[in-house]
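These notes are about the structure you will find just below.
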Amino acid sequence: MTVGDVLKHKHQGYRCGMCEHEFAKDSASCPKCGSTEVEPIQPVYWLSPVGDVDDFGDKITDTIYDAPTRGGPWALMTQQSWAVHARSMKLGTGMGQRFRKQKDGKWLKVEG
Ligand SMILES: [Zn+2]
């Protein structure tokens, strides 16, 4: 996996080791804090089996969310379920992740 491969994916690029700011641009330093401790973000895949339906029984197509629900626990959700049941529309560490199905069948993290 090269940097070029990583940059093909939207929302993936580089992450600052100091402030954890993520940016797509190929830069030797963080545009937010100026730190030079920047690393390419490696692709992250959803590794658990994904069934035909999500935790709310909605049919899964090409997008899934792993995010906390209003009821409390985290759940696997389709776009539709996420819009209804998600605790927050925000994604990120501790808030939820969005995955998109790739041609090879793997689920790539695209946001969060
Ligand atoms: Zn930074």
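Residue numbers start at 1 in each chain; chains themselves are named A, B, ... in the order of the structure tokens; ligands are numbered from 1 in the order shown.
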**Study point:** helix (DSSP H, G or I) per DSSP on the backbone: members of segment 76-112 of chain A, as JSON, numbers by chain
**Key:** {"A": [79, 80, 81, 82, 83, 84, 85]}
Exercise for review: Give as JSON, numbers by chain the residues surrounding ligand 1 up to a distance of 8 Å, considering only C-alpha atoms and all ligand atoms.
Suggested key: {"A": [15, 16, 17, 18, 19, 20, 21, 29, 30, 31, 32, 33, 34, 35, 37, 38]}
Selection export as a PDB file, in the first residue's frame, atoms kept: N, CA and C atoms:
```pdb
ATOM      1  N   ARG A  15      -2.332  12.401   8.746  1.00  0.00           N
ATOM      2  CA  ARG A  15      -2.770  12.768  10.086  1.00  0.00           C
ATOM      3  C   ARG A  15      -1.588  13.319  10.845  1.00  0.00           C
ATOM      4  N   CYS A  16      -1.844  14.408  11.574  1.00  0.00           N
ATOM      5  CA  CYS A  16      -0.820  15.019  12.401  1.00  0.00           C
ATOM      6  C   CYS A  16      -0.662  14.221  13.695  1.00  0.00           C
ATOM      7  N   GLY A  17       0.581  13.898  14.037  1.00  0.00           N
ATOM      8  CA  GLY A  17       0.839  13.138  15.244  1.00  0.00           C
ATOM      9  C   GLY A  17       0.712  13.973  16.511  1.00  0.00           C
ATOM     10  N   MET A  18       0.714  15.287  16.368  1.00  0.00           N
ATOM     11  CA  MET A  18       0.607  16.164  17.535  1.00  0.00           C
ATOM     12  C   MET A  18      -0.844  16.498  17.869  1.00  0.00           C
ATOM     13  N   CYS A  19      -1.555  17.082  16.892  1.00  0.00           N
ATOM     14  CA  CYS A  19      -2.918  17.536  17.196  1.00  0.00           C
ATOM     15  C   CYS A  19      -3.987  16.629  16.578  1.00  0.00           C
ATOM     16  N   GLU A  20      -3.568  15.562  15.858  1.00  0.00           N
ATOM     17  CA  GLU A  20      -4.467  14.605  15.230  1.00  0.00           C
ATOM     18  C   GLU A  20      -5.327  15.217  14.131  1.00  0.00           C
ATOM     19  N   HIS A  21      -4.951  16.399  13.673  1.00  0.00           N
ATOM     20  CA  HIS A  21      -5.649  17.011  12.547  1.00  0.00           C
ATOM     21  C   HIS A  21      -5.399  16.162  11.304  1.00  0.00           C
ATOM     22  N   SER A  29       4.257  19.320   6.706  1.00  0.00           N
ATOM     23  CA  SER A  29       3.909  19.745   8.057  1.00  0.00           C
ATOM     24  C   SER A  29       2.396  19.942   8.176  1.00  0.00           C
ATOM     25  N   CYS A  30       1.926  19.878   9.424  1.00  0.00           N
ATOM     26  CA  CYS A  30       0.494  19.997   9.691  1.00  0.00           C
ATOM     27  C   CYS A  30       0.015  21.434   9.421  1.00  0.00           C
ATOM     28  N   PRO A  31      -1.024  21.596   8.597  1.00  0.00           N
ATOM     29  CA  PRO A  31      -1.510  22.944   8.310  1.00  0.00           C
ATOM     30  C   PRO A  31      -2.155  23.611   9.529  1.00  0.00           C
ATOM     31  N   LYS A  32      -2.459  22.828  10.545  1.00  0.00           N
ATOM     32  CA  LYS A  32      -3.119  23.391  11.721  1.00  0.00           C
ATOM     33  C   LYS A  32      -2.128  23.854  12.781  1.00  0.00           C
ATOM     34  N   CYS A  33      -1.198  22.953  13.146  1.00  0.00           N
ATOM     35  CA  CYS A  33      -0.289  23.313  14.244  1.00  0.00           C
ATOM     36  C   CYS A  33       1.165  23.440  13.794  1.00  0.00           C
ATOM     37  N   GLY A  34       1.449  23.060  12.536  1.00  0.00           N
ATOM     38  CA  GLY A  34       2.798  23.222  12.027  1.00  0.00           C
ATOM     39  C   GLY A  34       3.744  22.079  12.361  1.00  0.00           C
ATOM     40  N   SER A  35       3.261  21.085  13.094  1.00  0.00           N
ATOM     41  CA  SER A  35       4.109  19.959  13.449  1.00  0.00           C
ATOM     42  C   SER A  35       4.534  19.196  12.202  1.00  0.00           C
ATOM     43  N   GLU A  37       5.370  16.053  12.455  1.00  0.00           N
ATOM     44  CA  GLU A  37       5.079  14.649  12.739  1.00  0.00           C
ATOM     45  C   GLU A  37       3.808  14.218  12.027  1.00  0.00           C
ATOM     46  N   VAL A  38       3.876  14.176  10.703  1.00  0.00           N
ATOM     47  CA  VAL A  38       2.700  13.776   9.941  1.00  0.00           C
ATOM     48  C   VAL A  38       2.920  12.397   9.336  1.00  0.00           C
TER      49      VAL A  38
END
```
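Taking atom CA of Met77 of chain A and atom CA of Leu47 of chain A as the two end points, the separation is 15.2 Å.
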For Leu108 of chain A, find every residue with an atom within 9 Å (counting only C-alpha atoms), except residues of its own chain fewer than 2 positions away, and show them as a tab-separated table (two decimals) with N, CA and C atoms, in the first residue's frame.
```
chain	number	residue	atom	x	y	z
A	43	PRO	N	-5.43	2.78	5.13
A	43	PRO	CA	-6.84	2.42	4.99
A	43	PRO	C	-7.30	1.56	6.15
A	44	VAL	N	-8.49	1.81	6.64
A	44	VAL	CA	-9.06	1.03	7.73
A	44	VAL	C	-10.30	0.32	7.20
A	45	TYR	N	-10.36	-0.96	7.48
A	45	TYR	CA	-11.50	-1.74	7.01
A	45	TYR	C	-12.33	-2.25	8.19
A	46	TRP	N	-13.62	-2.40	7.93
A	46	TRP	CA	-14.52	-3.05	8.89
A	46	TRP	C	-14.24	-4.54	8.80
A	98	ARG	N	-18.05	5.81	9.27
A	98	ARG	CA	-18.80	5.42	8.08
A	98	ARG	C	-17.91	4.56	7.19
A	99	PHE	N	-18.48	3.46	6.69
A	99	PHE	CA	-17.75	2.54	5.83
A	99	PHE	C	-18.49	2.40	4.50
A	100	ARG	N	-17.70	2.27	3.42
A	100	ARG	CA	-18.28	2.09	2.10
A	100	ARG	C	-17.76	0.79	1.50
A	101	LYS	N	-18.69	0.02	0.93
A	101	LYS	CA	-18.32	-1.26	0.33
A	101	LYS	C	-17.52	-1.04	-0.94
A	102	GLN	N	-16.40	-1.77	-1.03
A	102	GLN	CA	-15.53	-1.67	-2.19
A	102	GLN	C	-15.85	-2.76	-3.19
A	106	LYS	N	-14.73	-5.61	0.44
A	106	LYS	CA	-14.29	-5.14	1.75
A	106	LYS	C	-14.94	-3.79	2.07
A	110	VAL	N	-14.48	5.45	5.36
A	110	VAL	CA	-14.35	6.65	4.54
A	110	VAL	C	-14.52	7.92	5.37
```
Practice item. Mind checking which residues fall within 8 Å of Asp54 of chain A, counting only C-alpha atoms, ignoring those fewer than 6 positions away in the same chain, and posting them as a PyMOL selection string? Key: chain A and resi 60+76-78
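The spacing separating atom CA of Gly96 of chain A from atom CA of Lys59 of chain A amounts to 19.5 Å.
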Review point. Near Tyr14 of chain A, counting only C-alpha atoms, which residues have an atom at most 10 Å away, once you skip same-chain residues fewer than 5 positions from it, shown as a ChimeraX atom specification?
Key: /A:3,6-7,20-30,38-42
Please, could you write that set of residues out with N, CA and C atoms as a tab-separated table (two decimals), in the first residue's frame?
```
chain	number	residue	atom	x	y	z
A	3	VAL	N	1.47	5.57	-0.55
A	3	VAL	CA	0.79	6.83	-0.24
A	3	VAL	C	-0.20	7.18	-1.34
A	6	VAL	N	-3.38	5.41	-0.84
A	6	VAL	CA	-4.13	5.97	0.28
A	6	VAL	C	-4.88	7.23	-0.15
A	7	LEU	N	-4.18	8.05	-0.96
A	7	LEU	CA	-4.77	9.33	-1.33
A	7	LEU	C	-5.90	9.20	-2.35
A	20	GLU	N	-3.57	15.56	15.86
A	20	GLU	CA	-4.47	14.60	15.23
A	20	GLU	C	-5.33	15.22	14.13
A	21	HIS	N	-4.95	16.40	13.67
A	21	HIS	CA	-5.65	17.01	12.55
A	21	HIS	C	-5.40	16.16	11.30
A	22	GLU	N	-6.45	15.92	10.52
A	22	GLU	CA	-6.31	15.14	9.30
A	22	GLU	C	-6.45	16.05	8.09
A	23	PHE	N	-5.58	15.83	7.12
A	23	PHE	CA	-5.63	16.67	5.93
A	23	PHE	C	-5.25	15.85	4.71
A	24	ALA	N	-5.82	16.20	3.57
A	24	ALA	CA	-5.61	15.41	2.36
A	24	ALA	C	-4.37	15.83	1.61
A	25	LYS	N	-3.98	17.07	1.76
A	25	LYS	CA	-2.90	17.61	0.96
A	25	LYS	C	-1.56	16.99	1.33
A	26	ASP	N	-0.76	16.75	0.31
A	26	ASP	CA	0.57	16.22	0.54
A	26	ASP	C	1.45	17.34	1.08
A	27	SER	N	1.67	17.33	2.38
A	27	SER	CA	2.41	18.40	3.01
A	27	SER	C	3.37	17.83	4.04
A	28	ALA	N	4.52	18.47	4.18
A	28	ALA	CA	5.52	17.98	5.12
A	28	ALA	C	5.20	18.39	6.55
A	29	SER	N	4.26	19.32	6.71
A	29	SER	CA	3.91	19.74	8.06
A	29	SER	C	2.40	19.94	8.18
A	30	CYS	N	1.93	19.88	9.42
A	30	CYS	CA	0.49	20.00	9.69
A	30	CYS	C	0.02	21.43	9.42
A	38	VAL	N	3.88	14.18	10.70
A	38	VAL	CA	2.70	13.78	9.94
A	38	VAL	C	2.92	12.40	9.34
A	39	GLU	N	1.85	11.61	9.33
A	39	GLU	CA	1.95	10.25	8.80
A	39	GLU	C	0.80	9.98	7.86
A	40	PRO	N	1.05	9.21	6.80
A	40	PRO	CA	-0.07	8.83	5.92
A	40	PRO	C	-1.08	7.99	6.70
A	41	ILE	N	-2.33	8.24	6.46
A	41	ILE	CA	-3.37	7.45	7.10
A	41	ILE	C	-3.54	6.16	6.31
A	42	GLN	N	-3.38	5.07	6.98
A	42	GLN	CA	-3.55	3.78	6.31
A	42	GLN	C	-5.04	3.46	6.20
```
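Separating atom CA of Gly57 of chain A from atom CA of Asp104 of chain A is a distance of 24.2 Å.
Counting only C-alpha atoms and comparing A:Pro49, A:Gly92, A:Asp62, A:Asp55, the residue that lies closest to Ala75 of chain A is A:Asp55.
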Check your understanding: Hey, what does DSSP flag as strand (DSSP E or B) within chain A? Can you give it to me as number ranges by chain?
Key -> A: 14-16, 22-23, 38-40, 45-46, 53, 59, 63-69, 74-77, 86, 92, 96-101, 107-111
